[in-house]
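For reference, coords.tsv (TSV, C-alpha atoms and all ligand atoms):
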```tsv
chain	number	residue	atom	x	y	z
T	1	MET	CA	0.00	0.00	0.00
T	2	ASN	CA	1.10	3.53	-0.53
T	3	HIS	CA	1.52	5.26	2.80
T	4	HIS	CA	2.59	8.51	1.25
T	5	ASP	CA	-0.84	9.73	0.24
T	6	GLU	CA	-1.78	10.05	3.87
T	7	GLN	CA	-0.74	12.60	6.39
T	8	PRO	CA	2.40	11.43	8.20
T	9	LEU	CA	1.92	10.65	11.88
T	10	LEU	CA	5.14	12.42	12.70
T	11	GLU	CA	7.07	15.06	10.79
T	12	VAL	CA	10.39	16.33	12.06
T	13	ASN	CA	11.82	19.23	10.07
T	14	GLY	CA	15.07	21.02	10.75
T	15	LEU	CA	15.25	20.00	14.38
T	16	SER	CA	18.33	21.46	16.05
T	17	LYS	CA	19.53	21.43	19.61
T	18	SER	CA	22.91	22.44	21.01
T	19	TYR	CA	24.46	21.15	24.17
T	20	GLN	CA	27.93	22.20	25.19
T	21	ASP	CA	29.60	19.21	23.53
T	22	PHE	CA	26.91	17.95	21.21
T	23	GLN	CA	24.55	19.23	18.55
T	24	LEU	CA	21.51	17.81	16.87
T	25	LYS	CA	21.89	19.25	13.40
T	26	ASP	CA	18.93	19.79	11.13
T	27	VAL	CA	17.22	16.49	11.87
T	28	ASN	CA	14.56	15.62	9.28
T	29	PHE	CA	12.39	12.56	8.91
T	30	GLU	CA	8.78	11.50	8.51
T	31	LEU	CA	6.93	8.57	9.98
T	32	PRO	CA	3.99	7.40	7.84
T	33	ALA	CA	0.88	5.83	9.37
T	34	GLY	CA	1.01	2.06	9.70
T	35	THR	CA	4.76	2.14	10.15
T	36	ILE	CA	7.13	0.89	12.79
T	37	MET	CA	10.29	2.95	12.49
T	38	GLY	CA	13.50	1.66	14.03
T	39	PHE	CA	15.64	4.53	15.24
T	40	LEU	CA	19.28	3.48	15.25
T	41	GLY	CA	22.46	5.24	16.19
T	42	ARG	CA	25.60	4.67	18.17
T	43	ASN	CA	25.81	5.60	21.85
T	44	GLY	CA	25.54	9.34	22.08
T	45	ALA	CA	24.36	9.81	18.47
T	46	GLY	CA	21.30	11.78	19.57
T	47	LYS	CA	18.38	9.35	19.66
T	48	SER	CA	17.10	10.19	23.15
T	49	THR	CA	17.69	13.89	22.58
T	50	THR	CA	15.60	13.74	19.39
T	51	MET	CA	12.77	11.92	21.14
T	52	LYS	CA	12.81	14.26	24.12
T	53	ALA	CA	12.75	17.26	21.80
T	54	ILE	CA	9.75	15.77	19.96
T	55	MET	CA	7.98	15.44	23.31
T	56	ASP	CA	9.10	18.94	24.33
T	57	LEU	CA	10.82	17.48	27.41
T	58	ILE	CA	13.82	19.52	26.31
T	59	LYS	CA	13.53	22.78	24.41
T	60	GLN	CA	14.54	22.63	20.80
T	61	ASP	CA	16.69	25.49	19.44
T	62	ASP	CA	15.06	25.32	16.06
T	63	GLY	CA	12.77	23.10	14.03
T	64	ASP	CA	9.22	22.25	13.15
T	65	ILE	CA	7.66	19.16	14.72
T	66	ARG	CA	4.20	17.98	13.74
T	67	ILE	CA	2.21	15.07	15.02
T	68	LEU	CA	-0.87	14.31	12.92
T	69	GLY	CA	-0.33	17.74	11.44
T	70	MET	CA	-0.46	19.46	14.83
T	71	ALA	CA	2.53	21.55	15.88
T	72	MET	CA	4.62	20.72	18.92
T	73	PRO	CA	4.91	22.34	21.39
T	74	GLU	CA	2.20	24.85	20.38
T	75	GLU	CA	-0.59	22.28	20.36
T	76	GLU	CA	0.88	20.16	23.12
T	77	VAL	CA	-2.34	19.35	24.95
T	78	ALA	CA	-4.06	17.98	21.85
T	79	VAL	CA	-0.87	16.28	20.67
T	80	LYS	CA	-0.33	14.43	23.94
T	81	GLU	CA	-3.73	12.76	23.59
T	82	GLN	CA	-2.29	11.19	20.44
T	83	VAL	CA	1.13	10.18	21.71
T	84	GLY	CA	2.44	7.59	24.13
T	85	TYR	CA	6.04	7.99	25.26
T	86	VAL	CA	8.30	5.67	27.18
T	87	GLY	CA	11.58	7.40	27.86
T	88	ASP	CA	14.97	6.23	28.97
T	89	THR	CA	14.09	6.88	32.60
T	90	PRO	CA	10.71	5.40	33.50
T	91	LEU	CA	8.18	7.88	34.81
T	92	LEU	CA	6.58	5.33	37.09
T	93	ASN	CA	6.48	6.15	40.77
T	94	ASN	CA	8.23	3.29	42.58
T	95	ALA	CA	6.19	3.67	45.75
T	96	TRP	CA	2.85	3.22	43.97
T	97	THR	CA	1.10	0.05	42.87
T	98	MET	CA	0.13	-0.42	39.22
T	99	GLU	CA	-3.50	0.00	40.28
T	100	ARG	CA	-2.83	3.39	41.84
T	101	THR	CA	-0.65	4.44	38.90
T	102	LEU	CA	-3.41	3.65	36.42
T	103	ASN	CA	-6.11	5.27	38.50
T	104	PHE	CA	-4.04	8.41	38.66
T	105	ALA	CA	-3.09	8.51	34.98
T	106	ARG	CA	-6.58	7.89	33.61
T	107	HIS	CA	-7.80	11.32	34.74
T	108	PHE	CA	-5.44	13.07	32.36
T	109	TYR	CA	-6.82	11.61	29.16
T	110	LEU	CA	-10.08	11.74	27.24
T	111	ASN	CA	-9.74	8.42	25.44
T	112	TRP	CA	-8.65	6.13	28.25
T	113	ASN	CA	-9.48	2.53	27.35
T	114	GLN	CA	-9.87	0.59	30.59
T	115	GLU	CA	-10.83	-2.58	28.77
T	116	ALA	CA	-7.58	-2.61	26.82
T	117	VAL	CA	-5.68	-1.88	30.03
T	118	GLU	CA	-7.31	-4.86	31.75
T	119	GLN	CA	-6.53	-7.10	28.77
T	120	ASN	CA	-2.92	-6.02	28.66
T	121	LEU	CA	-2.45	-6.45	32.40
T	122	GLU	CA	-3.69	-9.98	32.01
T	123	ARG	CA	-1.77	-10.68	28.83
T	124	PHE	CA	1.48	-9.57	30.44
T	125	GLU	CA	0.71	-10.91	33.89
T	126	ILE	CA	1.32	-7.59	35.61
T	127	PRO	CA	0.08	-7.69	39.21
T	128	ARG	CA	-1.99	-4.63	40.13
T	129	ASP	CA	-1.30	-4.71	43.81
T	130	LYS	CA	2.48	-4.88	43.86
T	131	LYS	CA	4.48	-1.70	44.19
T	132	ILE	CA	6.31	-0.67	41.03
T	133	SER	CA	9.57	-1.07	42.98
T	134	GLU	CA	8.68	-4.72	43.48
T	135	LEU	CA	8.31	-5.44	39.75
T	136	SER	CA	11.15	-6.94	37.73
T	137	LYS	CA	12.79	-4.84	35.02
T	138	GLY	CA	10.82	-6.64	32.31
T	139	MET	CA	7.56	-6.12	34.18
T	140	LYS	CA	8.35	-2.43	34.57
T	141	VAL	CA	8.91	-2.06	30.85
T	142	LYS	CA	5.65	-3.83	30.12
T	143	ALA	CA	3.87	-1.72	32.74
T	144	SER	CA	5.26	1.45	31.12
T	145	LEU	CA	4.04	0.27	27.74
T	146	ILE	CA	0.57	-0.54	29.03
T	147	LEU	CA	0.44	2.92	30.53
T	148	ALA	CA	1.72	4.57	27.34
T	149	MET	CA	-0.95	2.80	25.27
T	150	ALA	CA	-3.89	3.17	27.67
T	151	HIS	CA	-5.17	6.43	26.16
T	152	GLN	CA	-5.21	4.91	22.66
T	153	PRO	CA	-2.55	7.11	21.13
T	154	LYS	CA	-1.87	7.07	17.40
T	155	LEU	CA	1.88	7.34	17.86
T	156	LEU	CA	4.20	5.60	20.28
T	157	LEU	CA	7.67	6.98	20.96
T	158	LEU	CA	9.73	4.37	22.72
T	159	ASP	CA	13.31	4.86	23.82
T	160	GLU	CA	14.95	1.43	23.89
T	161	PRO	CA	11.85	-0.50	24.95
T	162	THR	CA	13.48	-3.92	24.60
T	163	SER	CA	16.87	-3.37	26.20
T	164	GLY	CA	17.56	-5.51	29.24
T	165	LEU	CA	14.64	-7.85	28.59
T	166	ASP	CA	14.85	-11.60	28.22
T	167	PRO	CA	14.16	-12.99	24.73
T	168	VAL	CA	10.65	-14.17	25.58
T	169	VAL	CA	9.59	-10.81	27.02
T	170	ARG	CA	11.27	-9.02	24.11
T	171	THR	CA	9.27	-11.09	21.69
T	172	GLU	CA	6.07	-10.28	23.60
T	173	VAL	CA	6.86	-6.58	23.45
T	174	LEU	CA	7.59	-6.77	19.72
T	175	GLU	CA	4.31	-8.58	19.16
T	176	LEU	CA	2.49	-5.90	21.10
T	177	LEU	CA	3.98	-3.26	18.80
T	178	LEU	CA	3.05	-5.24	15.69
T	179	ASP	CA	-0.53	-5.52	16.98
T	180	PHE	CA	-0.53	-1.82	17.67
T	181	VAL	CA	0.18	-0.80	14.06
T	182	GLN	CA	-1.98	-3.45	12.49
T	183	ASP	CA	-4.92	-1.24	11.56
T	184	GLU	CA	-2.52	0.98	9.55
T	185	SER	CA	-3.59	4.20	11.25
T	186	ARG	CA	-1.01	4.10	14.03
T	187	GLY	CA	2.78	4.13	14.18
T	188	VAL	CA	5.77	3.55	16.39
T	189	LEU	CA	9.17	5.20	16.61
T	190	PHE	CA	11.48	3.05	18.66
T	191	SER	CA	15.15	3.38	19.34
T	192	SER	CA	17.20	0.30	19.97
T	193	HIS	CA	20.67	-1.16	19.97
T	194	ILE	CA	19.21	-4.59	19.39
T	195	THR	CA	19.34	-4.48	15.61
T	196	SER	CA	17.80	-7.95	15.32
T	197	ASP	CA	14.63	-6.63	17.01
T	198	VAL	CA	14.55	-3.71	14.63
T	199	GLU	CA	15.16	-5.96	11.66
T	200	LYS	CA	12.31	-8.20	12.80
T	201	ILE	CA	9.54	-5.65	13.12
T	202	ALA	CA	10.49	-2.29	11.62
T	203	ASP	CA	9.25	-1.23	8.17
T	204	TRP	CA	11.36	1.85	8.13
T	205	ILE	CA	14.89	2.55	9.39
T	206	THR	CA	16.22	5.91	10.46
T	207	VAL	CA	19.88	6.09	11.38
T	208	ILE	CA	21.26	9.05	13.24
T	209	ASP	CA	25.00	9.62	13.50
T	210	ASP	CA	26.69	12.40	15.41
T	211	GLY	CA	23.47	14.41	15.59
T	212	ARG	CA	22.57	14.13	11.89
T	213	VAL	CA	20.16	11.85	10.10
T	214	PHE	CA	22.38	9.54	8.10
T	215	PHE	CA	19.46	8.03	6.23
T	216	SER	CA	15.76	7.36	6.70
T	217	GLU	CA	14.55	4.67	4.38
T	218	ASP	CA	12.13	1.84	3.83
T	219	LYS	CA	13.75	-1.28	5.33
T	220	GLU	CA	13.15	-3.53	2.33
T	221	SER	CA	14.65	-1.12	-0.18
T	222	LEU	CA	17.58	-0.48	2.15
T	223	MET	CA	18.32	-4.17	2.64
T	224	ASP	CA	17.86	-4.80	-1.09
T	225	ARG	CA	20.27	-2.19	-2.31
T	226	TYR	CA	23.21	-3.11	-0.08
T	227	ARG	CA	25.29	-6.22	-0.73
T	228	ARG	CA	28.67	-7.58	0.20
T	229	ILE	CA	30.46	-8.50	-3.02
T	230	VAL	CA	33.04	-11.26	-2.85
T	231	ILE	CA	35.55	-12.21	-5.55
T	232	PRO	CA	37.16	-15.47	-4.59
T	233	GLY	CA	40.83	-16.08	-5.35
T	234	LYS	CA	43.70	-13.74	-5.95
T	235	GLY	CA	42.34	-11.81	-8.94
T	236	GLY	CA	39.55	-9.38	-9.03
T	237	THR	CA	41.34	-6.09	-8.74
T	238	GLU	CA	40.06	-4.84	-12.11
T	239	THR	CA	36.55	-6.15	-11.52
T	240	MET	CA	36.50	-4.38	-8.22
T	241	ASP	CA	37.77	-1.15	-9.68
T	242	THR	CA	34.34	0.46	-9.89
T	243	PRO	CA	32.87	3.45	-8.10
T	244	LEU	CA	29.91	1.21	-7.26
T	245	LEU	CA	31.99	-0.42	-4.52
T	246	PHE	CA	33.32	0.99	-1.28
T	247	ASN	CA	35.31	-0.28	1.65
T	248	CYS	CA	37.16	-2.78	-0.55
T	249	GLN	CA	39.70	-5.01	1.10
T	250	ARG	CA	41.40	-8.36	0.85
T	251	ALA	CA	40.26	-10.84	3.41
T	252	MET	CA	40.58	-14.58	3.75
T	253	GLY	CA	41.97	-15.11	0.29
T	254	SER	CA	39.19	-13.12	-1.40
T	255	TYR	CA	38.54	-9.59	-2.46
T	256	ILE	CA	35.62	-8.09	-0.59
T	257	GLY	CA	33.76	-4.84	-1.15
T	258	TYR	CA	30.33	-3.36	-0.53
T	259	THR	CA	27.82	-1.79	-2.85
T	260	ASP	CA	24.86	0.41	-2.05
T	261	CYS	CA	23.35	0.01	-5.52
T	262	TYR	CA	23.26	-3.70	-6.08
T	263	ASP	CA	20.81	-3.53	-9.00
T	264	GLU	CA	23.18	-1.40	-11.00
T	265	PHE	CA	26.24	-3.39	-9.92
T	266	GLN	CA	24.60	-6.58	-11.11
T	267	LYS	CA	23.86	-5.09	-14.53
T	268	ILE	CA	27.22	-3.44	-15.08
T	269	VAL	CA	29.89	-5.56	-13.46
T	270	ALA	CA	30.72	-8.83	-15.17
T	271	GLY	CA	33.15	-11.39	-13.80
T	272	ASP	CA	33.54	-13.98	-11.20
T	273	TRP	CA	31.86	-12.60	-8.11
T	274	TYR	CA	29.08	-13.50	-5.78
T	275	SER	CA	27.02	-11.40	-3.41
T	276	GLU	CA	25.80	-11.75	0.15
T	277	ARG	CA	22.95	-9.97	1.81
T	278	LEU	CA	23.81	-8.07	4.95
T	279	THR	CA	21.97	-8.27	8.21
T	280	LEU	CA	20.79	-4.93	9.56
T	281	GLU	CA	23.48	-5.24	12.21
T	282	GLU	CA	26.22	-5.69	9.60
T	283	LEU	CA	24.82	-2.82	7.59
T	284	PHE	CA	24.71	-0.56	10.62
T	285	VAL	CA	28.30	-1.38	11.63
T	286	LEU	CA	29.47	-0.93	8.05
T	287	LEU	CA	27.86	2.49	7.68
T	288	THR	CA	28.49	4.00	11.10
T	289	GLY	CA	31.78	2.27	11.90
T	290	TRP	CA	33.93	2.06	8.81
T	291	LYS	CA	34.91	5.73	8.50
T	292	GLU	CA	36.77	5.50	11.79
T	293	GLU	CA	39.32	3.04	10.48
J	301	LIG	N1	21.19	17.46	29.40
J	301	LIG	C1	22.30	17.36	28.66
J	301	LIG	N2	23.27	18.29	28.76
J	301	LIG	C2	24.38	18.20	28.00
J	301	LIG	N3	24.62	17.23	27.11
J	301	LIG	C3	23.68	16.27	26.96
J	301	LIG	C4	22.48	16.29	27.73
J	301	LIG	N4	21.74	15.22	27.36
J	301	LIG	C5	22.45	14.56	26.44
J	301	LIG	N5	23.62	15.19	26.18
J	301	LIG	C6	24.64	14.78	25.21
J	301	LIG	O1	24.03	14.65	23.95
J	301	LIG	C7	24.61	13.57	23.22
J	301	LIG	C8	23.50	12.69	22.69
J	301	LIG	O2	22.88	12.02	23.77
J	301	LIG	P1	21.61	11.08	23.56
J	301	LIG	O3	21.20	10.61	24.90
J	301	LIG	O4	20.62	11.76	22.70
J	301	LIG	O5	22.24	9.87	22.72
J	301	LIG	P2	21.63	8.47	22.34
J	301	LIG	O6	21.77	8.34	20.85
J	301	LIG	O7	20.27	8.31	22.90
J	301	LIG	O8	22.66	7.51	23.06
J	301	LIG	P3	22.52	6.09	23.77
J	301	LIG	O9	22.40	5.10	22.68
J	301	LIG	O10	23.82	5.95	24.49
J	301	LIG	O11	21.32	6.14	24.67
J	301	LIG	C9	25.60	12.89	24.17
J	301	LIG	O12	26.88	13.34	23.82
J	301	LIG	C10	25.20	13.41	25.51
J	301	LIG	O13	26.33	13.52	26.36
```

Kindly present the structure from the file in structure tokens form.
Amino acid sequence: MNHHDEQPLLEVNGLSKSYQDFQLKDVNFELPAGTIMGFLGRNGAGKSTTMKAIMDLIKQDDGDIRILGMAMPEEEVAVKEQVGYVGDTPLLNNAWTMERTLNFARHFYLNWNQEAVEQNLERFEIPRDKKISELSKGMKVKASLILAMAHQPKLLLLDEPTSGLDPVVRTEVLELLLDFVQDESRGVLFSSHITSDVEKIADWITVIDDGRVFFSEDKESLMDRYRRIVIPGKGGTETMDTPLLFNCQRAMGSYIGYTDCYDEFQKIVAGDWYSERLTLEELFVLLTGWKEE
């Protein structure tokens, strides 16, 4: 389906923020409805800062942020009805039970869905009567997610929702996110260092590097256009001498390079080579790590 005819759920245009030793520089991307966007970047690249600026938890220096066409922070009250956020430091009060937390939070929203809350509490086996401080890390994450989704937002902004969770709980959380976007009107932006999680469920990948958007692209097209090209044996220097390849090197008796336009490479470059698809993790390391060598 073509998502682009519809209004994006989230538009970030020219977002800038300066700290003493770090700048977000002209961050631009759009999140279409029905999309799960994986937000990747190395430690300190600016993921949390971007998400906090979207939520107006920190003041942006410059930029235009729209959620369902509404401007942040100008239309904050209306926007927050449409957004669920789970940040890097949970907002849950440790001394409260889940019951008390939910009873408190429900008064702030018009569209609170108690039925969905009950279902999710059951689905994730979250006890209502235990204090938040008595929940395990995984339970806290799930509790935060239930809370973030209780007012039926259109957009979820999740800062590393799956880090520190066991594989079973991680899978449950990923399934919850897939369910969430299923009706194609909602969307999720989630940052993660667990590239396999992102590869599993994201439709769109946005990579931020040193405060700039490196690329923001449909996952399938991204994974399709990159390939590792291998020429076995000692030859291959001429074959590899094409601007379509980068990061060429000899390794394990072969000549290895990478292309970001595999379609073209395939058409143009003859010779004895074969290609390998990259995992998202390999692609991420290749693109954000190789320039440091
Ligand atoms: N309140 C602050 N004051 C000054 N600098 C800050 C502040 N918050 C974050 N930074 C700096 O901004 C940069 C980006 O931080 P941010 O938390 O956005 O990165 P991140 O991509 O989320 O990293 P990680 O993957 O490690 O969570 C870092 O260099 C950090 O030190």

Excluding T:Leu156 and residues on its chain fewer than 2 positions from it, collect all residues at most 6 Å away from it, counting all atoms listed in the file, and give them as a PDB file with C-alpha atoms, in the coordinates of the input.
```pdb
ATOM      1  CA  VAL T  83       1.130  10.180  21.710  1.00  0.00           C
ATOM      2  CA  GLY T  84       2.440   7.590  24.130  1.00  0.00           C
ATOM      3  CA  TYR T  85       6.040   7.990  25.260  1.00  0.00           C
ATOM      4  CA  VAL T 188       5.770   3.550  16.390  1.00  0.00           C
TER       5      VAL T 188
END
```

Q: Could I get the residue neighbourhood of ligand LIG 301 (chain J) at 10 Å, counting all atoms listed in the file, as JSON, numbers by chain?
A: {"T": [17, 18, 19, 20, 21, 22, 23, 24, 39, 40, 41, 42, 43, 44, 45, 46, 47, 48, 49, 50, 51, 52, 53, 58, 88, 159, 160, 191, 192, 193, 207, 208, 209, 210, 211]}

Q: Give the answer as one residue: which of T:Gly233, T:Pro167, T:Gly69, T:Pro153 has the shortest atom-to-atom distance to T:Ser196, using all atoms listed in the file?
A: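 The answer is T:Pro167, which sits nearest to T:Ser196.
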
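Atom to atom, atom CA of T:Leu135 and atom CA of T:Arg100 stand 14.4 Å apart.
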
How close does stretch 197-293 of chain T get to stretch 168-185 of chain T? List, as a Markdown table, each residue of stretch 197-293 of chain T within 12 Å, its nearest atom pair and the distance in Å to one decimal, counting all atoms listed in the file.
```
| residue | atom | partner | partner_atom | distance |
| --- | --- | --- | --- | --- |
| T:Asp197 | CA | T:Leu174 | CA | 7.5 |
| T:Val198 | CA | T:Leu174 | CA | 9.1 |
| T:Glu199 | CA | T:Leu174 | CA | 11.1 |
| T:Lys200 | CA | T:Leu174 | CA | 8.5 |
| T:Ile201 | CA | T:Leu174 | CA | 7.0 |
| T:Ala202 | CA | T:Leu178 | CA | 9.0 |
| T:Asp203 | CA | T:Leu178 | CA | 10.5 |
```

Q.
To one decimal place in Å, what is the distance between atom CA of T:Ser275 and atom CA of T:Phe214?
A. 24.3 Å

Sorted by chain and rising residue number, list the residues of stretch 61-112 of chain T at most 8 Å from stretch 147-151 of chain T (counting only C-alpha atoms), each with its closest atom pair and distance in Å to one decimal, as JSON lines.
```
{"residue": "T:Glu81", "atom": "CA", "partner": "T:His151", "partner_atom": "CA", "distance": 7.0}
{"residue": "T:Gln82", "atom": "CA", "partner": "T:His151", "partner_atom": "CA", "distance": 8.0}
{"residue": "T:Val83", "atom": "CA", "partner": "T:Ala148", "partner_atom": "CA", "distance": 8.0}
{"residue": "T:Gly84", "atom": "CA", "partner": "T:Ala148", "partner_atom": "CA", "distance": 4.5}
{"residue": "T:Tyr85", "atom": "CA", "partner": "T:Ala148", "partner_atom": "CA", "distance": 5.9}
{"residue": "T:Val86", "atom": "CA", "partner": "T:Ala148", "partner_atom": "CA", "distance": 6.7}
{"residue": "T:Leu102", "atom": "CA", "partner": "T:Leu147", "partner_atom": "CA", "distance": 7.1}
{"residue": "T:Ala105", "atom": "CA", "partner": "T:Leu147", "partner_atom": "CA", "distance": 8.0}
{"residue": "T:Arg106", "atom": "CA", "partner": "T:His151", "partner_atom": "CA", "distance": 7.7}
{"residue": "T:Tyr109", "atom": "CA", "partner": "T:His151", "partner_atom": "CA", "distance": 6.2}
{"residue": "T:Leu110", "atom": "CA", "partner": "T:His151", "partner_atom": "CA", "distance": 7.3}
{"residue": "T:Asn111", "atom": "CA", "partner": "T:His151", "partner_atom": "CA", "distance": 5.0}
{"residue": "T:Trp112", "atom": "CA", "partner": "T:His151", "partner_atom": "CA", "distance": 4.1}
```

Q) What does the distance from atom CA of T:Leu283 to atom CA of T:Leu31 come to in Å, to one decimal? A)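 Atom CA of T:Leu31 lies at a distance of 21.3 Å from atom CA of T:Leu283.
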
Compile the contact shell of T:Thr206 as a JSON list (two decimals) with C-alpha atoms, keeping the file's coordinate frame: residues with an atom at most 7 Å away, counting only C-alpha atoms, same-chain residues fewer than 6 positions apart removed.
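Dumped to around07.json:
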```
[["chain", "number", "residue", "atom", "x", "y", "z"],
["T", 37, "MET", "CA", 10.29, 2.95, 12.49],
["T", 38, "GLY", "CA", 13.50, 1.66, 14.03],
["T", 39, "PHE", "CA", 15.64, 4.53, 15.24],
["T", 40, "LEU", "CA", 19.28, 3.48, 15.25],
["T", 215, "PHE", "CA", 19.46, 8.03, 6.23],
["T", 216, "SER", "CA", 15.76, 7.36, 6.70],
["T", 217, "GLU", "CA", 14.55, 4.67, 4.38]]
```

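Proximity to T:Glu281 was assessed for T:Gly257, T:Ile194, T:Lys80, T:Asn120 counting all atoms listed in the file; the smallest distance is recorded for T:Ile194.
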
**Q.** Distance criterion (only C-alpha atoms): nearest to T:Arg277 out of T:Leu10, T:Met252, T:Leu222, T:Leu15
**A.** T:Leu222

(Q) From the options T:Asn247, T:Gln152, T:Asn93, T:Ser136, which residue's atoms come nearest to T:Val117, counting all atoms listed in the file? (A)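 Between T:Asn247, T:Gln152, T:Asn93, T:Ser136, the residue approaching T:Val117 most closely is T:Gln152.
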
Q. Which residue gives the smallest distance to T:Asp224 among T:Leu278, T:Met98, T:Leu189, T:Met240, with all atoms listed in the file counted?
A.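 For T:Asp224, the nearest of the given residues is T:Leu278.
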
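Among the candidates T:Cys248, T:Val77, T:Val269, T:Ala143, the residue lying nearest to T:Arg123 is T:Ala143 (atoms considered: only C-alpha atoms).
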
Q: Name all residues at most 12 Å from T:Ser133 (count all atoms listed in the file; drop same-chain ones fewer than 5 positions away) and give them as a list in words.
A: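 Residues meeting the cut-off are Pro90, Leu92, Asn93, Asn94, Ala95, Trp96, Thr97, Met98, Met139, Lys140 and Ala143 of chain T.
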
Q. What's the 9 Å shell around T:Gly164, counting only C-alpha atoms, without same-chain residues fewer than 3 positions away, as number ranges by chain?
A. T: 137-138, 161, 170
